[in-house]
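Visitor: Below is the file query_29.txt, which contains compact mmCIF, C-alpha atoms.
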# COMPACT_ATOMS: atom_id res chain seq x y z
CA MET L 30 17.41 -155.85 168.62
CA VAL L 31 15.64 -155.44 171.96
CA VAL L 32 12.23 -155.61 170.27
CA SER L 33 13.20 -158.74 168.39
CA ALA L 34 14.42 -160.39 171.59
CA ALA L 35 11.20 -159.46 173.37
CA ARG L 36 9.15 -160.93 170.54
CA LEU L 37 11.17 -164.14 170.69
CA THR L 38 10.65 -164.31 174.45
CA VAL L 39 6.90 -163.80 174.12
CA ARG L 40 6.71 -166.48 171.43
CA ALA L 41 8.72 -168.87 173.56
CA VAL L 42 6.44 -168.27 176.55
CA GLU L 43 3.35 -168.72 174.41
CA ASP L 44 4.77 -171.94 173.01
CA VAL L 45 5.49 -173.25 176.52
CA VAL L 46 2.01 -172.32 177.73
CA LEU L 47 0.43 -174.02 174.70
CA ARG L 48 2.43 -177.20 175.29
CA LEU L 49 1.55 -177.10 178.99
CA LYS L 50 -2.11 -176.73 178.18
CA LYS L 51 -2.00 -179.68 175.78
CA LEU L 52 -0.22 -181.73 178.42
CA LEU L 53 -2.60 -180.93 181.28
CA PHE L 54 -5.89 -180.66 179.38
CA PRO L 55 -5.49 -182.67 176.17
CA SER L 56 -9.21 -183.10 175.44
CA ILE L 57 -10.44 -179.64 176.49
CA ALA L 58 -10.20 -176.88 173.92
CA ASP L 59 -11.74 -173.78 175.49
CA ILE L 60 -9.43 -173.29 178.47
CA ALA L 61 -6.28 -171.27 179.03
CA VAL L 62 -3.56 -171.95 181.60
CA LEU L 63 -2.48 -168.69 183.23
CA SER L 64 0.18 -169.84 185.68
CA VAL L 65 1.63 -172.91 187.39
CA ASP L 66 2.89 -172.87 190.98
CA VAL L 67 4.88 -175.94 192.09
CA ASP L 68 6.13 -176.71 195.60
CA VAL L 69 7.23 -179.85 197.43
CA GLU L 70 3.75 -181.25 198.09
CA LYS L 71 1.32 -179.45 195.80
CA VAL L 72 0.90 -178.17 192.26
CA ARG L 73 -1.46 -175.22 191.76
CA LEU L 74 -2.80 -174.40 188.30
CA ASP L 75 -4.52 -171.10 187.46
CA ALA L 76 -6.87 -171.39 184.49
CA GLN L 77 -9.96 -169.85 182.97
CA CYS L 78 -12.41 -170.53 180.19
CA THR L 79 -11.89 -168.68 176.86
CA THR L 80 -15.39 -168.93 175.35
CA ALA L 81 -17.44 -165.78 174.85
CA GLY L 82 -20.62 -167.16 176.39
CA ALA L 83 -22.29 -170.26 177.82
CA ALA L 84 -25.58 -172.13 177.61
CA CYS L 85 -28.11 -171.88 180.42
CA SER L 86 -28.50 -175.07 182.39
CA GLY L 87 -32.25 -174.43 182.76
CA CYS L 88 -33.45 -173.61 179.26
CA GLY L 89 -30.36 -174.14 177.09
CA VAL L 90 -30.29 -170.60 175.64
CA CYS L 91 -26.77 -169.17 175.14
CA SER L 92 -25.88 -165.90 176.86
CA THR L 93 -22.88 -163.55 176.76
CA ARG L 94 -24.02 -161.13 179.49
CA VAL L 95 -21.56 -161.60 182.35
CA HIS L 96 -23.01 -161.12 185.81
CA GLY L 97 -19.80 -161.77 187.75
CA SER L 98 -17.05 -164.29 188.37
CA TYR L 99 -15.49 -166.23 191.23
CA LEU L 100 -12.82 -168.89 191.85
CA ARG L 101 -13.42 -172.61 192.05
CA PHE L 102 -10.80 -174.90 193.58
CA LEU L 103 -10.99 -178.36 192.05
CA ALA L 104 -8.86 -181.36 192.99
CA ASP L 105 -7.22 -183.08 190.04
CA VAL L 106 -5.31 -186.33 189.56
CA PRO L 107 -1.86 -186.23 191.22
CA SER L 108 1.26 -185.49 189.18
CA ALA L 109 4.70 -186.93 190.03
CA GLY L 110 3.58 -187.75 193.57
CA ARG L 111 2.22 -184.24 194.21
CA SER L 112 -1.44 -183.35 194.67
CA VAL L 113 -2.82 -181.06 191.98
CA VAL L 114 -5.30 -178.24 192.65
CA LEU L 115 -6.95 -176.41 189.78
CA GLN L 116 -7.78 -172.79 190.57
CA LEU L 117 -10.40 -172.07 187.94
CA ARG L 118 -12.06 -168.70 187.41
CA VAL L 119 -15.63 -169.22 186.28
CA ARG L 120 -18.16 -166.65 185.15
CA ARG L 121 -21.80 -166.21 186.08
CA PHE L 122 -24.04 -165.18 183.18
CA ARG L 123 -27.48 -163.61 183.02
CA CYS L 124 -30.07 -165.72 181.22
CA GLY L 125 -31.71 -163.79 178.35
CA ASN L 126 -34.80 -166.01 178.26
CA THR L 127 -37.60 -164.27 180.16
CA LYS L 128 -39.53 -167.55 180.55
CA CYS L 129 -36.60 -169.35 182.15
CA PRO L 130 -36.95 -169.77 185.95
CA ARG L 131 -33.19 -169.17 186.37
CA GLN L 132 -32.06 -165.55 186.21
CA THR L 133 -28.34 -166.33 186.38
CA PHE L 134 -26.26 -169.45 185.81
CA VAL L 135 -22.62 -170.49 186.10
CA GLU L 136 -20.66 -171.79 183.13
CA GLN L 137 -19.61 -175.44 183.19
CA ILE L 138 -16.62 -176.64 181.16
CA SER L 139 -17.42 -179.91 179.44
CA GLY L 140 -15.02 -182.68 180.44
CA LEU L 141 -13.60 -180.69 183.36
CA THR L 142 -16.27 -179.52 185.80
CA ARG L 143 -19.75 -180.45 186.95
CA ARG L 144 -22.30 -178.60 189.04
CA HIS L 145 -21.47 -178.56 192.78
CA GLY L 146 -18.42 -180.75 192.08
CA ARG L 147 -15.11 -180.31 193.90
CA ARG L 148 -13.18 -182.72 191.71
CA THR L 149 -12.33 -182.65 188.03
CA GLU L 150 -14.02 -185.13 185.74
CA ARG L 151 -10.89 -187.21 185.25
CA LEU L 152 -10.31 -187.48 189.02
CA HIS L 153 -13.97 -188.37 189.44
CA SER L 154 -13.74 -191.11 186.80
CA THR L 155 -10.47 -192.43 188.26
CA LEU L 156 -11.93 -192.76 191.77
CA THR L 157 -15.07 -194.37 190.37
CA ALA L 158 -12.98 -196.97 188.53
CA VAL L 159 -11.07 -197.72 191.74
CA GLY L 160 -14.35 -198.10 193.63
CA LEU L 161 -15.78 -200.46 191.02
CA ALA L 162 -12.67 -202.63 191.21
CA LEU L 163 -12.06 -202.68 194.98
CA ALA L 164 -15.17 -201.22 196.70
CA GLY L 165 -14.94 -199.06 199.84
CA ARG L 166 -12.10 -199.81 202.25
CA ALA L 167 -9.65 -201.32 199.77
CA GLY L 168 -10.42 -198.59 197.23
CA ALA L 169 -9.78 -195.84 199.78
CA ARG L 170 -6.45 -197.43 200.77
CA LEU L 171 -5.28 -197.70 197.16
CA ALA L 172 -6.39 -194.13 196.40
CA ALA L 173 -4.37 -192.86 199.39
CA VAL L 174 -1.27 -194.67 198.09
CA LEU L 175 -1.77 -193.05 194.67
CA GLY L 176 -2.07 -189.60 196.25
CA MET L 177 -5.86 -189.22 196.09
CA SER L 178 -7.25 -188.79 199.58
CA ILE L 179 -10.80 -190.09 199.89
CA SER L 180 -12.91 -191.93 202.46
CA ARG L 181 -14.50 -195.34 201.97
CA SER L 182 -17.99 -193.85 202.23
CA THR L 183 -17.27 -191.40 199.41
CA VAL L 184 -15.96 -194.22 197.23
CA LEU L 185 -19.20 -196.11 197.76
CA ARG L 186 -21.27 -193.01 197.01
CA LEU L 187 -19.42 -192.55 193.71
CA VAL L 188 -20.18 -196.14 192.76
CA LYS L 189 -23.85 -195.86 193.77
CA ALA L 190 -24.24 -192.68 191.73
CA LEU L 191 -23.41 -194.52 188.51
CA SER L 192 -26.32 -195.16 186.20
CA GLU L 193 -27.40 -198.72 185.59
CA PRO L 194 -25.74 -200.18 182.50
CA GLU L 195 -28.02 -201.03 179.63
CA VAL L 196 -28.31 -204.80 179.40
CA PRO L 197 -29.39 -206.18 176.01
CA THR L 198 -32.38 -208.48 175.94
CA PRO L 199 -31.10 -212.02 176.44
CA ARG L 200 -32.03 -214.84 174.08
CA VAL L 201 -31.97 -217.54 176.78
CA VAL L 202 -32.94 -216.46 180.29
CA GLY L 203 -32.64 -218.56 183.44
CA VAL L 204 -35.17 -218.20 186.27
CA ASP L 205 -34.61 -219.38 189.82
CA GLU L 206 -35.32 -218.29 193.39
CA TYR L 207 -33.05 -216.78 196.03
CA ALA L 208 -33.59 -216.26 199.74
CA THR L 209 -33.08 -213.01 201.62
CA ARG L 210 -34.13 -214.91 204.75
CA LYS L 211 -34.23 -218.66 204.34
CA GLY L 212 -37.67 -220.09 204.96
CA ARG L 213 -39.27 -216.62 205.15
CA HIS L 214 -38.53 -214.24 202.28
CA TYR L 215 -37.73 -215.33 198.73
CA GLY L 216 -37.17 -213.49 195.47
CA THR L 217 -36.51 -214.29 191.82
CA VAL L 218 -33.11 -214.08 190.12
CA LEU L 219 -32.88 -213.87 186.34
CA VAL L 220 -29.66 -214.87 184.58
CA ASP L 221 -28.45 -214.68 180.99
CA VAL L 222 -27.68 -218.36 180.39
CA GLU L 223 -25.40 -217.69 177.41
CA THR L 224 -23.15 -215.19 179.22
CA ARG L 225 -23.74 -216.71 182.71
CA ARG L 226 -24.29 -213.29 184.26
CA PRO L 227 -27.22 -212.14 186.43
CA ILE L 228 -29.55 -209.65 184.80
CA ASP L 229 -32.12 -208.63 187.38
CA LEU L 230 -33.54 -209.43 190.82
CA LEU L 231 -37.25 -209.45 191.57
CA PRO L 232 -38.39 -208.82 195.17
CA ASP L 233 -40.76 -211.82 195.20
CA ARG L 234 -41.36 -215.08 193.39
CA GLU L 235 -44.91 -214.44 192.24
CA ALA L 236 -46.04 -215.49 188.77
CA SER L 237 -47.34 -211.98 188.03
CA SER L 238 -43.95 -210.35 188.69
CA LEU L 239 -42.15 -212.77 186.40
CA ALA L 240 -44.81 -212.42 183.70
CA ALA L 241 -44.54 -208.61 183.76
CA TRP L 242 -40.73 -208.78 183.49
CA LEU L 243 -40.86 -211.18 180.54
CA ALA L 244 -43.57 -209.19 178.78
CA ARG L 245 -41.29 -206.13 178.63
CA ARG L 246 -38.67 -208.19 176.75
CA PRO L 247 -40.31 -209.82 173.72
CA GLY L 248 -36.97 -210.99 172.28
CA ILE L 249 -36.61 -213.90 174.73
CA GLU L 250 -36.66 -217.24 172.91
CA VAL L 251 -35.96 -219.78 175.67
CA VAL L 252 -36.90 -219.70 179.36
CA CYS L 253 -34.77 -222.08 181.44
CA ARG L 254 -36.59 -222.19 184.75
CA ASP L 255 -36.96 -223.87 188.08
CA ARG L 256 -39.76 -226.45 188.09
CA ALA L 257 -41.86 -224.53 190.61
CA PRO L 258 -45.51 -224.01 189.51
CA PHE L 259 -45.45 -220.21 189.92
CA PHE L 260 -42.44 -219.95 187.59
CA ALA L 261 -44.27 -222.11 185.04
CA GLU L 262 -47.34 -219.86 185.18
CA GLY L 263 -45.25 -216.69 184.91
CA ALA L 264 -43.24 -217.98 181.95
CA THR L 265 -46.37 -219.08 180.10
CA ALA L 266 -48.17 -215.79 180.68
CA GLY L 267 -45.23 -213.43 180.09
CA ALA L 268 -43.46 -215.15 177.19
CA PRO L 269 -45.89 -217.39 175.29
CA GLN L 270 -43.61 -217.32 172.25
CA ALA L 271 -40.64 -218.72 174.20
CA THR L 272 -39.76 -222.37 174.69
CA THR L 273 -39.86 -223.39 178.35
CA VAL L 274 -37.28 -225.93 179.52
CA ALA L 275 -35.99 -227.18 182.85
CA ASP L 276 -32.38 -226.39 183.69
CA ARG L 277 -29.78 -229.12 184.00
CA TRP L 278 -29.10 -228.72 187.72
CA HIS L 279 -32.75 -229.19 188.70
CA LEU L 280 -33.11 -232.17 186.39
CA TRP L 281 -30.16 -233.93 188.01
CA HIS L 282 -31.33 -232.92 191.48
CA ASN L 283 -34.86 -234.22 190.92
CA LEU L 284 -33.53 -237.40 189.33
CA GLY L 285 -31.30 -238.04 192.34
CA GLU L 286 -34.18 -237.50 194.77
CA ALA L 287 -36.42 -239.85 192.78
CA ALA L 288 -33.69 -242.51 192.77
CA GLU L 289 -33.24 -242.20 196.54
CA ARG L 290 -36.98 -242.57 197.14
CA ALA L 291 -37.18 -245.61 194.87
CA VAL L 292 -34.25 -247.32 196.60
CA ALA L 293 -35.71 -246.56 200.02
CA CYS L 294 -39.09 -248.03 199.07
CA HIS L 295 -37.63 -251.24 197.57
CA ARG L 296 -34.73 -251.81 199.92
CA GLN L 297 -36.17 -255.06 201.26
CA CYS L 298 -36.78 -256.33 197.73
CA LEU L 299 -33.19 -255.64 196.80
CA ARG L 300 -31.94 -257.59 199.81
CA VAL L 301 -34.01 -260.63 198.80
CA LEU L 302 -32.94 -260.52 195.16
CA VAL L 303 -29.25 -259.92 195.83
CA PRO L 304 -28.29 -261.68 199.08
CA ASP L 305 -24.97 -260.86 200.61
CA ARG L 306 -23.19 -264.24 200.89
CA GLU L 307 -20.05 -262.87 202.54
CA ALA L 308 -21.92 -260.99 205.21
CA LYS L 309 -21.73 -262.50 208.68
CA ALA L 310 -24.80 -263.41 210.63
CA GLU L 311 -25.93 -260.33 212.44
CA PRO L 312 -26.64 -260.72 216.16
CA PRO L 313 -30.30 -260.52 217.10
CA ALA L 314 -31.43 -257.00 217.72
CA PRO L 315 -32.36 -256.15 221.28
CA PRO L 316 -36.07 -255.85 221.95
CA GLU L 317 -37.41 -252.38 221.37
CA GLU L 318 -38.36 -250.41 224.40
CA LYS L 319 -41.93 -249.42 224.74
CA ALA L 320 -42.95 -245.83 225.00
CA GLY L 321 -43.97 -246.22 228.63
CA SER L 322 -41.03 -248.40 229.72
CA PRO L 323 -40.46 -248.24 233.48
CA TRP L 324 -36.69 -248.58 232.96
CA ARG L 325 -36.49 -245.45 230.81
CA SER L 326 -38.67 -243.44 233.22
CA GLU L 327 -36.70 -244.65 236.22
CA ARG L 328 -33.46 -243.51 234.62
CA PHE L 329 -34.77 -239.95 234.18
CA ALA L 330 -36.14 -239.95 237.72
CA ASN L 331 -32.75 -240.98 239.12
CA ARG L 332 -31.09 -238.24 237.09
CA VAL L 333 -33.39 -235.64 238.65
CA ARG L 334 -32.56 -236.92 242.11
CA ALA L 335 -28.84 -236.74 241.41
CA ARG L 336 -29.05 -233.14 240.16
CA HIS L 337 -31.22 -232.14 243.10
CA ALA L 338 -28.68 -233.56 245.55
CA THR L 339 -25.77 -231.88 243.73
CA VAL L 340 -27.42 -228.45 243.68
CA HIS L 341 -28.35 -228.57 247.38
CA ALA L 342 -24.84 -229.78 248.27
CA LEU L 343 -23.29 -226.82 246.48
CA LEU L 344 -25.75 -224.41 248.11
CA GLU L 345 -24.77 -225.73 251.56
CA ALA L 346 -21.10 -225.28 250.59
CA GLY L 347 -21.73 -221.55 250.06
CA HIS L 348 -21.99 -221.33 246.26
CA SER L 349 -24.40 -218.90 244.67
CA ARG L 350 -27.03 -219.94 242.18
CA CYS L 351 -25.19 -218.20 239.34
CA SER L 352 -21.99 -220.04 240.24
CA ILE L 353 -23.85 -223.36 240.36
CA GLY L 354 -25.34 -222.68 236.92
CA ARG L 355 -21.89 -222.01 235.47
CA GLN L 356 -20.37 -225.12 237.05
CA LEU L 357 -23.17 -227.48 236.07
CA ARG L 358 -23.93 -225.71 232.77
CA MET L 359 -27.57 -225.22 233.70
CA THR L 360 -29.87 -222.33 233.00
CA HIS L 361 -30.97 -219.99 235.77
CA ARG L 362 -34.53 -221.38 235.68
CA THR L 363 -33.30 -224.99 236.04
CA VAL L 364 -31.10 -224.13 239.03
CA LYS L 365 -33.96 -222.18 240.63
CA SER L 366 -36.43 -225.07 240.26
CA LEU L 367 -33.95 -227.54 241.77
CA ALA L 368 -33.01 -225.19 244.62
CA ASP L 369 -36.61 -224.30 245.50
CA ALA L 370 -37.71 -227.95 245.65
CA ALA L 371 -37.40 -229.39 249.17
CA LYS L 372 -37.19 -232.93 247.83
CA PRO L 373 -36.72 -234.28 244.26
CA GLU L 374 -40.21 -235.85 244.25
CA ASP L 375 -41.68 -232.32 244.15
CA LEU L 376 -40.28 -231.94 240.62
CA PHE L 377 -42.14 -234.93 239.21
CA ARG L 378 -45.22 -234.22 237.13
CA GLY L 379 -47.74 -236.55 235.53
CA GLN L 380 -46.20 -239.93 234.67
CA TRP L 381 -43.13 -239.17 236.81
CA GLN L 382 -45.17 -239.27 240.04
CA MET L 383 -45.25 -243.10 239.99
CA PHE L 384 -41.51 -243.10 240.81
CA SER L 385 -41.74 -240.74 243.76
CA GLY L 386 -41.47 -243.64 246.18
CA LEU L 387 -38.35 -245.15 244.61
CA SER L 388 -35.15 -244.79 246.58
CA SER L 389 -32.42 -242.64 245.13
CA VAL L 390 -29.60 -244.53 243.44
CA THR L 391 -27.15 -241.69 243.78
CA ASP L 392 -26.77 -241.55 247.53
CA SER L 393 -23.41 -243.31 247.35
CA VAL L 394 -22.14 -241.37 244.31
CA PRO L 395 -19.56 -238.66 245.09
CA ILE L 396 -20.62 -235.10 244.41
CA THR L 397 -17.70 -234.40 242.06
CA THR L 398 -18.61 -237.36 239.86
CA THR L 399 -22.26 -236.27 239.75
CA ILE L 400 -21.28 -232.77 238.64
CA LEU L 401 -19.33 -234.09 235.66
CA LYS L 402 -22.18 -236.31 234.49
CA THR L 403 -25.07 -233.84 234.75
CA ASP L 404 -26.63 -231.92 231.92
CA SER L 405 -29.62 -229.62 231.48
CA LEU L 406 -33.09 -230.67 232.53
CA THR L 407 -34.51 -229.02 229.43
CA THR L 408 -33.78 -232.21 227.45
CA TRP L 409 -36.82 -233.96 228.90
CA ARG L 410 -39.00 -231.33 230.55
Take the structure in this file and express it as C-alpha cells.
Guide:
Amino acid sequence: MVVSAARLTVRAVEDVVLRLKKLLFPSIADIAVLSVDVDVEKVRLDAQCTTAGAACSGCGVCSTRVHGSYLRFLADVPSAGRSVVLQLRVRRFRCGNTKCPRQTFVEQISGLTRRHGRRTERLHSTLTAVGLALAGRAGARLAAVLGMSISRSTVLRLVKALSEPEVPTPRVVGVDEYATRKGRHYGTVLVDVETRRPIDLLPDREASSLAAWLARRPGIEVVCRDRAPFFAEGATAGAPQATTVADRWHLWHNLGEAAERAVACHRQCLRVLVPDREAKAEPPAPPEEKAGSPWRSERFANRVRARHATVHALLEAGHSRCSIGRQLRMTHRTVKSLADAAKPEDLFRGQWQMFSGLSSVTDSVPITTTILKTDSLTTWR
C-alpha cells in the first residue's frame, strides 16, 4: 500500500510539473522545470535544458562533450503582478571540429535565450512591441506599470536593433524633395503612391542617386515626380520602362502660380474691360517722395538728435549704459556710439552731413516722451 501511494504521489507530481511546463513554456520542448519559488514580489523558476548535445555557434557541428555548466538569470514577463526570474542552468560544450576557431561554446535554447541576453525572448519581443508603439519615454512608463522595469534608452536600443522590414517593389512610386535644413540641405523622399507610405530617403536630390535607386527596382511602372529637372533626368535614366507623370499637388500648385502671374500682368486690362460702377471716386494719391527728399532725411536727423539728448540726459542722471540700453531697447553698440558723441552732428555720415546745421526740434520735448518714442538706430544705419 505504501509503494502504491508513493507511485501515485510521484505521478501526481510529474503531472503537475508537466502542466506547469506547458503553462510557462508552451512553445519550447527541450526544457524541464525543476522547481518554482513564489514570494510576495518575485517568482523564481529553476529550469534546465534536456537535450543531449548542442550545435556550435561557429561551425554548426553538434557536440555532446560537456565542458562545464553555470547558471544564467533571465528576466521573464511578469505573472500576476510579480516579476519573474528564470534561473536556467546551461552547459558549455567542447567543439569537435578541429578547424573551428571556437574550442568551447554555450548552448542556446531556441525561443528562450540569446547570446549575451539577460531577458527571455518573449520579454524581449514584448518590450520591442511597446517601443514600436510608444517610443522611449512613454514606452518605459507603460512597461513600469506592467511590471517590466526598463529605461527609455534601452527601449530605443531595442527598436533600433530591429532589422529593416522588407518592402515589396512598388508599382507606382512618388518622388519629391525634403529639407533637412531649409535652403541649404535637401534630400529625396520616395513614397508608394498606392499605399501612401514612405519607402526610402535619399541623402541628396541628385539625378544619379535617383537613377541608381530606380535601377535596382525594375518592377516600377509609373514614376509620379516633382517637376524639377534633376528628378526628370533620374527617372528617365533609372526607369526608362516606366511612365513619368507629374503629381496632382504640383500640377495644382503650378497652375495657381501661373494664374496669379497672368492676373498680375493684365490687371490694368481687366480694370478697363470691367469697370467698377459702384466704386467711389478715389482721392488723388499723394505725390511720391523722391529718394533724396530733404523731408525724409530731416526726419531721421531729428530722430538722431532726440536719441542723443535722451541718452546724455540719462547718463547725467546716473544711469549706466546697460541700464539705458534696457530702458530704450537699444543695443550696446548703439548706446556707446550715442554716449561717445559730444554732439549729434558727429554721428552724421555722408548725405546726413547736410543737416548738421539744422536746429534740433526736440529741445522742447520732455525726456519721458522721447524715451517712449525711440527705437534702434540699426533701422537706418
Visitor: Give me, please, the distance in Å between atom CA of L:His282 and atom CA of L:Val201, quoted to one decimal.
Guide: 21.3 Å
Visitor: Of the candidates L:Arg362, L:Asp205, L:Gly212, L:Glu70, which one gets nearest to L:Pro227 if we count only C-alpha atoms?
Guide: L:Asp205
Visitor: Report, in Å with one decimal, the straight-line distance from atom CA of L:Ala287 to atom CA of L:Asp221.
Guide: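 According to the coordinates, atom CA of L:Ala287 and atom CA of L:Asp221 are separated by 28.9 Å.
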Visitor: Here's a test: counting all atoms listed in the file, identify every protein, DNA and RNA residue with an atom at most 12 Å from (-35.3, -221.6, 240.2) in the file's coordinate frame, and state them as JSON, numbers by chain.
Guide: {"L": [337, 340, 350, 351, 353, 354, 359, 360, 361, 362, 363, 364, 365, 366, 367, 368, 369, 370, 376]}
Visitor: Find the residues with any atom within 9 Å of (-9.8, -172.3, 184.4); use all atoms listed in the file and the coordinates as given in the file, and write the answer as a CSV table (one decimal) with C-alpha atoms, keeping the file's coordinate frame.
Guide:
chain,number,residue,atom,x,y,z
L,60,ILE,CA,-9.4,-173.3,178.5
L,61,ALA,CA,-6.3,-171.3,179.0
L,62,VAL,CA,-3.6,-172.0,181.6
L,63,LEU,CA,-2.5,-168.7,183.2
L,74,LEU,CA,-2.8,-174.4,188.3
L,75,ASP,CA,-4.5,-171.1,187.5
L,76,ALA,CA,-6.9,-171.4,184.5
L,77,GLN,CA,-10.0,-169.8,183.0
L,78,CYS,CA,-12.4,-170.5,180.2
L,79,THR,CA,-11.9,-168.7,176.9
L,100,LEU,CA,-12.8,-168.9,191.8
L,101,ARG,CA,-13.4,-172.6,192.0
L,115,LEU,CA,-7.0,-176.4,189.8
L,116,GLN,CA,-7.8,-172.8,190.6
L,117,LEU,CA,-10.4,-172.1,187.9
L,118,ARG,CA,-12.1,-168.7,187.4
L,119,VAL,CA,-15.6,-169.2,186.3
L,138,ILE,CA,-16.6,-176.6,181.2
Visitor: N, CA, C and O atoms for stretch 278-294 of chain L, written as a short mmCIF file (atom, residue, chain, number, x, y, z; two decimals), in the coordinates of the input, could you do that?
Guide:
data_model
loop_
_atom_site.label_atom_id
_atom_site.label_comp_id
_atom_site.auth_asym_id
_atom_site.auth_seq_id
_atom_site.Cartn_x
_atom_site.Cartn_y
_atom_site.Cartn_z
N TRP L 278 -29.32 -228.44 186.30
CA TRP L 278 -29.10 -228.72 187.72
C TRP L 278 -30.35 -229.29 188.36
O TRP L 278 -30.29 -230.28 189.10
N HIS L 279 -31.52 -228.70 188.09
CA HIS L 279 -32.75 -229.19 188.70
C HIS L 279 -33.13 -230.56 188.17
O HIS L 279 -33.72 -231.38 188.90
N LEU L 280 -32.83 -230.84 186.91
CA LEU L 280 -33.11 -232.17 186.39
C LEU L 280 -32.29 -233.23 187.12
O LEU L 280 -32.82 -234.27 187.54
N TRP L 281 -30.99 -232.98 187.29
CA TRP L 281 -30.16 -233.93 188.01
C TRP L 281 -30.58 -234.04 189.48
O TRP L 281 -30.57 -235.12 190.07
N HIS L 282 -30.92 -232.91 190.08
CA HIS L 282 -31.33 -232.92 191.48
C HIS L 282 -32.63 -233.72 191.67
O HIS L 282 -32.72 -234.55 192.58
N ASN L 283 -33.60 -233.48 190.82
CA ASN L 283 -34.86 -234.22 190.92
C ASN L 283 -34.67 -235.70 190.61
O ASN L 283 -35.31 -236.57 191.21
N LEU L 284 -33.80 -236.01 189.64
CA LEU L 284 -33.53 -237.40 189.33
C LEU L 284 -32.87 -238.11 190.51
O LEU L 284 -33.21 -239.26 190.84
N GLY L 285 -31.93 -237.44 191.17
CA GLY L 285 -31.30 -238.04 192.34
C GLY L 285 -32.28 -238.27 193.48
O GLY L 285 -32.25 -239.32 194.14
N GLU L 286 -33.18 -237.31 193.72
CA GLU L 286 -34.18 -237.50 194.77
C GLU L 286 -35.13 -238.65 194.44
O GLU L 286 -35.49 -239.44 195.32
N ALA L 287 -35.53 -238.74 193.17
CA ALA L 287 -36.42 -239.85 192.78
C ALA L 287 -35.72 -241.19 192.95
O ALA L 287 -36.34 -242.18 193.39
N ALA L 288 -34.43 -241.26 192.60
CA ALA L 288 -33.69 -242.51 192.77
C ALA L 288 -33.58 -242.89 194.25
O ALA L 288 -33.72 -244.06 194.62
N GLU L 289 -33.33 -241.92 195.11
CA GLU L 289 -33.24 -242.20 196.54
C GLU L 289 -34.57 -242.70 197.09
O GLU L 289 -34.61 -243.65 197.91
N ARG L 290 -35.68 -242.10 196.67
CA ARG L 290 -36.98 -242.57 197.14
C ARG L 290 -37.28 -243.98 196.65
O ARG L 290 -37.83 -244.81 197.39
N ALA L 291 -36.91 -244.27 195.40
CA ALA L 291 -37.18 -245.61 194.87
C ALA L 291 -36.36 -246.66 195.61
O ALA L 291 -36.87 -247.74 195.94
N VAL L 292 -35.10 -246.36 195.88
CA VAL L 292 -34.25 -247.32 196.60
C VAL L 292 -34.76 -247.51 198.02
O VAL L 292 -34.78 -248.62 198.56
N ALA L 293 -35.20 -246.43 198.65
CA ALA L 293 -35.71 -246.56 200.02
C ALA L 293 -36.99 -247.39 200.08
O ALA L 293 -37.20 -248.16 201.03
N CYS L 294 -37.84 -247.26 199.07
CA CYS L 294 -39.09 -248.03 199.07
C CYS L 294 -38.86 -249.52 198.79
O CYS L 294 -39.58 -250.37 199.30
#
